[in-house]
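Shown below: coords17.cif, with mmCIF, C-alpha atoms.
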```cif
data_final
#
loop_
_atom_site.label_atom_id
_atom_site.label_comp_id
_atom_site.auth_asym_id
_atom_site.auth_seq_id
_atom_site.Cartn_x
_atom_site.Cartn_y
_atom_site.Cartn_z
CA MET A 279 87.62 94.99 87.02
CA THR A 280 91.19 96.06 87.78
CA ARG A 281 93.88 94.42 89.89
CA GLY A 282 93.22 94.82 93.60
CA GLU A 283 89.59 95.75 93.08
CA LYS A 284 87.09 93.70 95.01
CA ARG A 285 83.41 93.08 94.51
CA GLY A 286 80.94 91.64 97.01
CA GLN A 287 77.80 89.63 96.29
CA GLN A 288 75.45 87.67 98.50
CA VAL A 289 75.46 84.05 97.33
CA ASP A 290 74.99 80.57 98.74
CA ALA A 291 78.72 79.84 98.66
CA PHE A 292 78.26 76.35 100.12
CA GLY A 293 77.40 74.11 97.20
CA SER A 294 77.16 77.00 94.73
CA SER A 295 77.29 75.67 91.17
CA SER A 296 78.36 79.08 89.87
CA ALA A 297 81.39 79.02 92.14
CA ARG A 298 82.40 75.61 90.78
CA GLN A 299 81.94 76.68 87.18
CA VAL A 300 84.45 79.50 87.48
CA ALA A 301 86.98 77.52 89.53
CA ASP A 302 90.07 76.91 87.44
CA ARG A 303 92.58 74.37 88.74
CA SER A 304 95.55 75.95 87.02
CA THR A 305 94.93 79.62 86.17
CA ALA A 306 95.16 82.22 88.90
CA GLY A 307 93.20 85.38 88.31
CA ALA A 308 91.25 86.21 91.45
CA MET A 309 90.95 85.22 95.08
CA THR A 310 87.82 84.86 97.17
CA ASP A 311 87.00 85.23 100.83
CA TYR A 312 83.81 85.40 102.88
CA ASP A 313 82.93 88.50 104.88
CA TYR A 314 80.72 87.53 107.83
CA GLU A 315 79.60 91.07 108.62
CA SER A 316 78.20 91.80 105.16
CA GLU A 317 77.41 88.11 104.45
CA CYS A 318 79.11 88.50 101.08
CA VAL A 319 81.66 86.52 99.12
CA ILE A 320 84.49 88.92 98.30
CA VAL A 321 86.29 88.48 94.96
CA ARG A 322 89.62 90.30 94.62
CA ALA A 323 91.25 90.52 91.17
CA GLU A 324 94.92 89.56 90.95
CA ARG A 325 95.27 90.87 87.40
CA ASP A 326 93.44 93.27 85.11
CA TYR A 327 90.25 92.01 83.45
CA SER A 328 88.59 93.27 80.27
CA PRO A 329 84.86 94.13 80.36
CA GLY A 330 82.84 90.93 79.95
CA GLU A 331 85.83 88.63 80.56
CA GLU A 332 85.03 85.67 82.78
CA VAL A 333 86.69 85.82 86.20
CA ARG A 334 88.27 82.50 87.11
CA LEU A 335 89.23 81.46 90.60
CA PRO A 336 92.43 79.47 91.26
CA TRP A 337 91.82 76.00 92.67
CA GLY A 338 93.30 74.80 95.90
CA GLY A 339 96.42 76.68 96.84
CA ALA A 340 96.85 76.69 100.60
CA ARG A 341 93.21 75.80 101.28
CA ASN A 342 92.11 72.66 103.10
CA SER A 343 89.05 70.58 102.26
CA ALA A 344 86.63 72.59 104.41
CA ASP A 345 87.84 75.87 102.90
CA LEU A 346 87.56 74.46 99.37
CA ALA A 347 84.01 73.30 100.08
CA LEU A 348 83.00 76.74 101.35
CA THR A 349 84.77 78.58 98.53
CA TYR A 350 83.95 76.43 95.51
CA GLY A 351 81.27 74.01 96.69
CA ALA A 352 83.63 71.11 95.89
CA CYS A 353 86.78 69.46 97.21
CA ASP A 354 89.09 66.57 96.46
CA GLU A 355 87.62 63.15 97.21
CA ILE A 356 90.91 62.14 98.80
CA GLY A 357 92.32 65.03 100.79
CA ILE A 358 95.80 63.56 101.17
CA ALA A 359 96.26 63.78 97.38
CA ARG A 360 96.31 67.54 97.92
CA ASP A 361 98.18 67.33 101.25
CA ASP A 362 95.05 68.12 103.25
CA PHE A 363 95.32 69.64 106.71
CA LEU A 364 93.44 71.00 109.70
CA THR A 365 94.34 73.96 111.86
CA MET A 366 94.41 73.88 115.65
CA SER A 367 95.11 76.71 118.06
CA PHE A 368 97.17 76.51 121.25
CA GLY A 369 98.11 78.87 124.04
CA LEU A 370 99.88 79.19 127.38
CA LEU A 371 98.04 78.81 130.68
CA PRO A 372 97.58 82.28 132.24
CA SER A 373 98.02 80.66 135.67
CA ASP A 374 101.49 79.35 134.76
CA PRO A 375 104.07 80.92 137.16
CA LEU A 376 106.41 81.27 134.16
CA TYR A 377 103.74 82.77 131.89
CA ALA A 378 105.42 86.18 131.54
CA VAL A 379 108.80 84.64 130.75
CA LYS A 380 107.38 82.19 128.23
CA ALA A 381 105.16 84.84 126.60
CA GLY A 382 108.22 87.05 126.21
CA VAL A 383 110.20 84.25 124.55
CA LEU A 384 107.33 83.50 122.16
CA ALA A 385 106.81 87.17 121.30
CA GLU A 386 110.49 87.53 120.49
CA LEU A 387 110.24 84.51 118.17
CA GLY A 388 107.07 85.82 116.51
CA TYR A 389 104.52 83.51 118.15
CA ASP A 390 101.26 84.34 119.93
CA ALA A 391 101.18 83.29 123.59
CA ASP A 392 97.40 82.91 123.79
CA ASN A 393 96.12 81.79 120.38
CA GLN A 394 98.79 80.40 118.09
CA VAL A 395 97.46 78.45 115.08
CA PHE A 396 99.34 75.49 113.58
CA PRO A 397 98.50 73.22 110.61
CA MET A 398 98.09 69.47 111.22
CA HIS A 399 98.66 67.13 108.27
CA GLN A 400 97.73 63.46 108.08
CA ASP A 401 101.35 62.29 107.93
CA ARG A 402 103.11 64.99 109.98
CA PHE A 403 102.81 67.98 112.26
CA PRO A 404 105.18 70.96 112.45
CA THR A 405 108.31 70.87 114.58
CA GLN A 406 107.31 74.38 115.68
CA LEU A 407 104.09 72.98 117.17
CA LEU A 408 105.99 70.42 119.25
CA ASN A 409 108.39 73.06 120.48
CA TYR A 410 105.56 75.46 121.29
CA LEU A 411 103.93 72.78 123.45
CA ARG A 412 107.28 71.80 124.97
CA LEU A 413 107.79 75.42 126.02
CA SER A 414 104.25 75.58 127.42
CA ARG A 415 104.96 72.59 129.72
CA VAL A 416 108.38 73.74 130.97
CA ALA A 417 108.50 73.87 134.76
CA ASP A 418 112.26 74.33 135.11
CA ILE A 419 113.25 77.67 133.59
CA ALA A 420 116.74 76.33 132.86
CA LEU A 421 115.25 74.07 130.17
CA LEU A 422 114.38 77.13 128.06
CA ALA A 423 118.06 77.41 127.16
CA LYS A 424 117.77 74.11 125.23
CA LEU A 425 114.70 75.21 123.25
CA SER A 426 114.91 75.82 119.51
CA MET A 427 111.67 76.36 117.59
CA ASP A 428 113.13 74.94 114.37
CA GLU A 429 114.89 71.86 115.75
CA ASP A 430 113.26 68.73 117.16
CA ILE A 431 115.03 68.66 120.53
CA ILE A 432 113.57 66.83 123.55
CA LEU A 433 113.98 69.02 126.64
CA SER A 434 113.42 66.19 129.14
CA GLN A 435 111.53 62.90 129.29
CA MET A 436 108.98 64.38 131.68
CA ASN A 437 108.43 67.42 129.46
CA GLU A 438 108.13 65.26 126.35
CA TYR A 439 105.62 62.93 127.98
CA GLU A 440 103.43 65.86 129.08
CA THR A 441 103.74 67.55 125.67
CA LEU A 442 102.63 64.48 123.74
CA GLN A 443 99.82 63.68 126.18
CA LEU A 444 98.56 67.26 125.84
CA LEU A 445 98.61 67.07 122.06
CA MET A 446 96.89 63.67 122.11
CA SER A 447 94.17 65.04 124.38
CA ASP A 448 93.52 68.04 122.11
CA VAL A 449 93.35 65.85 118.99
CA ARG A 450 91.06 63.35 120.74
CA ASN A 451 88.73 66.18 121.83
CA ARG A 452 88.61 67.43 118.25
CA MET A 453 87.76 63.94 117.02
CA GLU A 454 85.00 63.57 119.61
CA GLY A 455 83.30 66.58 118.08
CA PHE A 456 82.05 64.27 115.31
CA ASP A 457 78.92 62.18 115.81
CA GLU A 458 80.92 59.14 114.62
CA THR A 459 84.66 59.07 115.28
CA ASP A 460 85.53 56.39 112.71
CA THR A 461 86.01 56.93 108.98
CA VAL A 462 83.99 53.86 108.00
CA SER A 463 80.70 55.64 108.63
CA GLU A 464 81.60 58.39 106.15
CA GLN A 465 82.84 55.91 103.55
CA GLN A 466 79.59 53.95 103.81
CA LEU A 467 77.59 57.16 103.57
CA LEU A 468 79.44 58.21 100.41
CA ARG A 469 78.44 54.92 98.75
CA ASP A 470 74.78 55.87 99.18
CA ALA A 471 73.48 56.76 95.72
CA ASP A 472 70.60 58.76 97.23
CA LEU A 473 72.87 61.34 98.86
CA SER A 474 72.32 64.90 97.73
CA GLU A 475 75.31 66.81 96.35
CA ARG A 476 75.49 68.88 99.52
CA GLU A 477 75.32 65.82 101.79
CA ALA A 478 78.06 64.08 99.79
CA LEU A 479 80.28 67.16 100.03
CA ALA A 480 79.79 67.38 103.81
CA ALA A 481 80.61 63.66 104.21
CA THR A 482 83.77 64.09 102.10
CA VAL A 483 84.95 67.00 104.24
CA ARG A 484 84.30 65.04 107.45
CA LEU A 485 86.19 62.05 106.04
CA CYS A 486 89.21 64.17 105.12
CA GLU A 487 89.26 65.82 108.56
CA LYS A 488 88.99 62.49 110.38
CA GLN A 489 91.86 61.09 108.30
CA VAL A 490 94.06 64.01 109.35
CA LEU A 491 93.16 63.57 113.04
CA GLN A 492 93.69 59.80 112.96
CA GLY A 493 97.05 60.24 111.25
CA THR A 494 98.07 62.78 113.90
CA MET A 495 97.14 60.39 116.71
CA VAL A 496 99.24 57.65 115.11
CA GLY A 497 102.18 60.06 114.92
CA VAL A 498 101.81 61.07 118.57
CA ARG A 499 101.58 57.44 119.71
CA SER A 500 104.75 56.55 117.80
CA ARG A 501 106.57 59.31 119.68
CA LEU A 502 105.16 58.20 123.03
CA ALA A 503 106.20 54.56 122.54
CA PRO A 504 109.96 55.01 123.28
CA ILE A 505 109.28 56.97 126.48
CA ARG A 506 109.78 54.45 129.29
CA GLY A 507 107.95 55.61 132.36
CA VAL A 508 105.14 57.72 133.73
CA PRO A 509 105.36 60.88 135.87
CA THR A 510 105.40 60.48 139.66
CA LYS A 511 104.42 62.98 142.36
CA GLY A 512 108.08 63.50 143.03
CA GLY A 513 108.60 64.85 139.52
CA ARG A 514 110.46 61.79 138.22
CA MET A 515 109.67 59.30 135.45
CA GLU A 516 109.05 55.82 136.82
CA ASP A 517 108.61 52.50 135.05
CA PRO A 518 104.87 51.72 135.12
CA ASN A 519 105.76 48.04 135.62
CA LYS A 520 108.16 48.69 138.50
CA ASP A 521 106.09 46.71 141.05
CA ILE A 522 106.00 43.65 138.77
CA ALA A 523 109.74 43.96 138.08
CA ASP A 524 110.47 44.14 141.82
CA LEU A 525 108.36 41.03 142.39
CA PHE A 526 110.24 39.05 139.73
CA GLU A 527 113.56 40.25 141.13
CA SER A 528 112.55 39.03 144.60
CA VAL A 529 111.57 35.62 143.21
CA GLU A 530 114.84 35.35 141.27
CA ASN A 531 116.86 36.23 144.39
CA LEU A 532 114.96 33.81 146.65
CA PRO A 533 117.36 30.80 146.29
CA ARG A 534 120.40 33.04 146.79
CA ASN A 535 118.86 34.60 149.91
CA ILE A 536 118.08 31.18 151.38
CA ILE A 537 121.66 30.00 150.88
CA SER A 538 123.17 33.17 152.28
CA GLY A 539 120.80 33.22 155.24
CA LYS A 540 119.35 36.60 154.28
CA LEU A 541 115.84 35.32 153.72
CA PHE A 542 114.67 36.30 157.21
CA SER A 543 117.30 38.97 157.92
CA GLY A 544 115.79 41.88 159.71
CA LEU A 545 112.51 40.08 160.31
CA PHE A 546 112.89 39.83 164.08
CA GLU A 547 115.03 42.91 164.63
#
```
Target format structure tokens, applied to this file:
Amino acid sequence: MTRGEKRGQQVDAFGSSSARQVADRSTAGAMTDYDYESECVIVRAERDYSPGEEVRLPWGGARNSADLALTYGACDEIGIARDDFLTMSFGLLPSDPLYAVKAGVLAELGYDADNQVFPMHQDRFPTQLLNYLRLSRVADIALLAKLSMDEDIILSQMNEYETLQLLMSDVRNRMEGFDETDTVSEQQLLRDADLSEREALAATVRLCEKQVLQGTMVGVRSRLAPIRGVPTKGGRMEDPNKDIADLFESVENLPRNIISGKLFSGLFE
């Protein structure tokens, strides 16, 4: 087998013991992928091999837990130890009046306007993702002048609020795709000694993915916390407790209004 040559073979890649036996956590020699059309695992050599030499697959790399499970039939028990991640795709709304302008900006910067994929880690998400979503929610074209894909710059409070709410909604929808949204259920399942190897692997992958999603939601909430206000129909940000604040202000001003005679001013006019 020479460098660049690839061989295909139909195997049960999920939970395949043979795949695990040739997985080497330090030595790179070949890469694998799965071809859905031929239903084959493709092995591509990254160096020359002698006849009869065992082909070893590098472990990990840029793969997440689900990819490791499909490739090797195994993954880390704690995904964060390997900086685990999920990928999510985002796009502009075709009905957006500024779609053409935004799509042009994204194309110039090397981003896809309809299906851009970003990684989501348990303890962080890319600045580029935030800026992509900020751009997608821009209603005032003048704000595009402030946008930088590589710098974490808030365009406006309204835009930031909508951006973070959009991201929170997408992450929450992804989490709701699980039968159980908490991680406790997976941890309890993994303590079950009667689990098959395949069941334990599936539970581990679900646990790692839930940890990433929960960490992302915590990160989004921490960014939402300093934003004081909610959007109004007039396009402004208003304190959600404004009515209560006005009430307290009226009570505090009551003695002063009585003394000044303004308590009933305008009542009979």
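Comparing the minimum interatomic distances between Leu433 (chain A) and each of A:Ala381, A:Val483, A:Leu421, A:Ala503, counting all atoms listed in the file, we find that A:Leu421 sits nearest.
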Neighbouring residues of Glu458 (chain A) were defined as those with any atom within 12 Å, considering all atoms listed in the file; residues of the same chain fewer than 4 positions away were excluded. Please report them as an MDAnalysis selection string.
chainID A and resid 452:454 462:465 467 481 484:485 488
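Here the PyMOL selection byres ((chain A and resi 396) around 7) catches exactly these residues: Thr365, Met366, Ser367, Gln394, Val395, Pro397, Met398 and Leu407 of chain A.
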Take the residues that were just selected and, keeping C-alpha atoms, output them as a PDB file, in the frame of the given file.
```pdb
ATOM      1  CA  THR A 365      94.340  73.960 111.860  1.00  0.00           C
ATOM      2  CA  MET A 366      94.410  73.880 115.650  1.00  0.00           C
ATOM      3  CA  SER A 367      95.110  76.710 118.060  1.00  0.00           C
ATOM      4  CA  GLN A 394      98.790  80.400 118.090  1.00  0.00           C
ATOM      5  CA  VAL A 395      97.460  78.450 115.080  1.00  0.00           C
ATOM      6  CA  PRO A 397      98.500  73.220 110.610  1.00  0.00           C
ATOM      7  CA  MET A 398      98.090  69.470 111.220  1.00  0.00           C
ATOM      8  CA  LEU A 407     104.090  72.980 117.170  1.00  0.00           C
TER       9      LEU A 407
END
```
Please identify all polymer residues within 9 Å of Leu422 (chain A), counting all atoms listed in the file, omitting same-chain residues fewer than 5 positions from it, and present them as a PyMOL selection string.
chain A and resi 380+383+413+416+433
Once the PyMOL selection byres ((chain A and resi 477) around 12) has been applied to the shown file, what residues remain in the selection, as an MDAnalysis selection string?
chainID A and resid 292:293 347 351:352 464 467:476 478:484
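What the PyMOL selection byres ((chain A and resi 375) around 12) grabs from this file is Leu370, Leu371, Pro372, Ser373, Asp374, Leu376, Tyr377, Ala378, Val379, Lys380, Ala381, Ser414, Arg415, Val416, Ala417, Asp418 and Ile419 of chain A.
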Could you work out how far CA of Gly369 (chain A) lies from CA of Arg501 (chain A), giving the answer in Å with one decimal?
21.8 Å
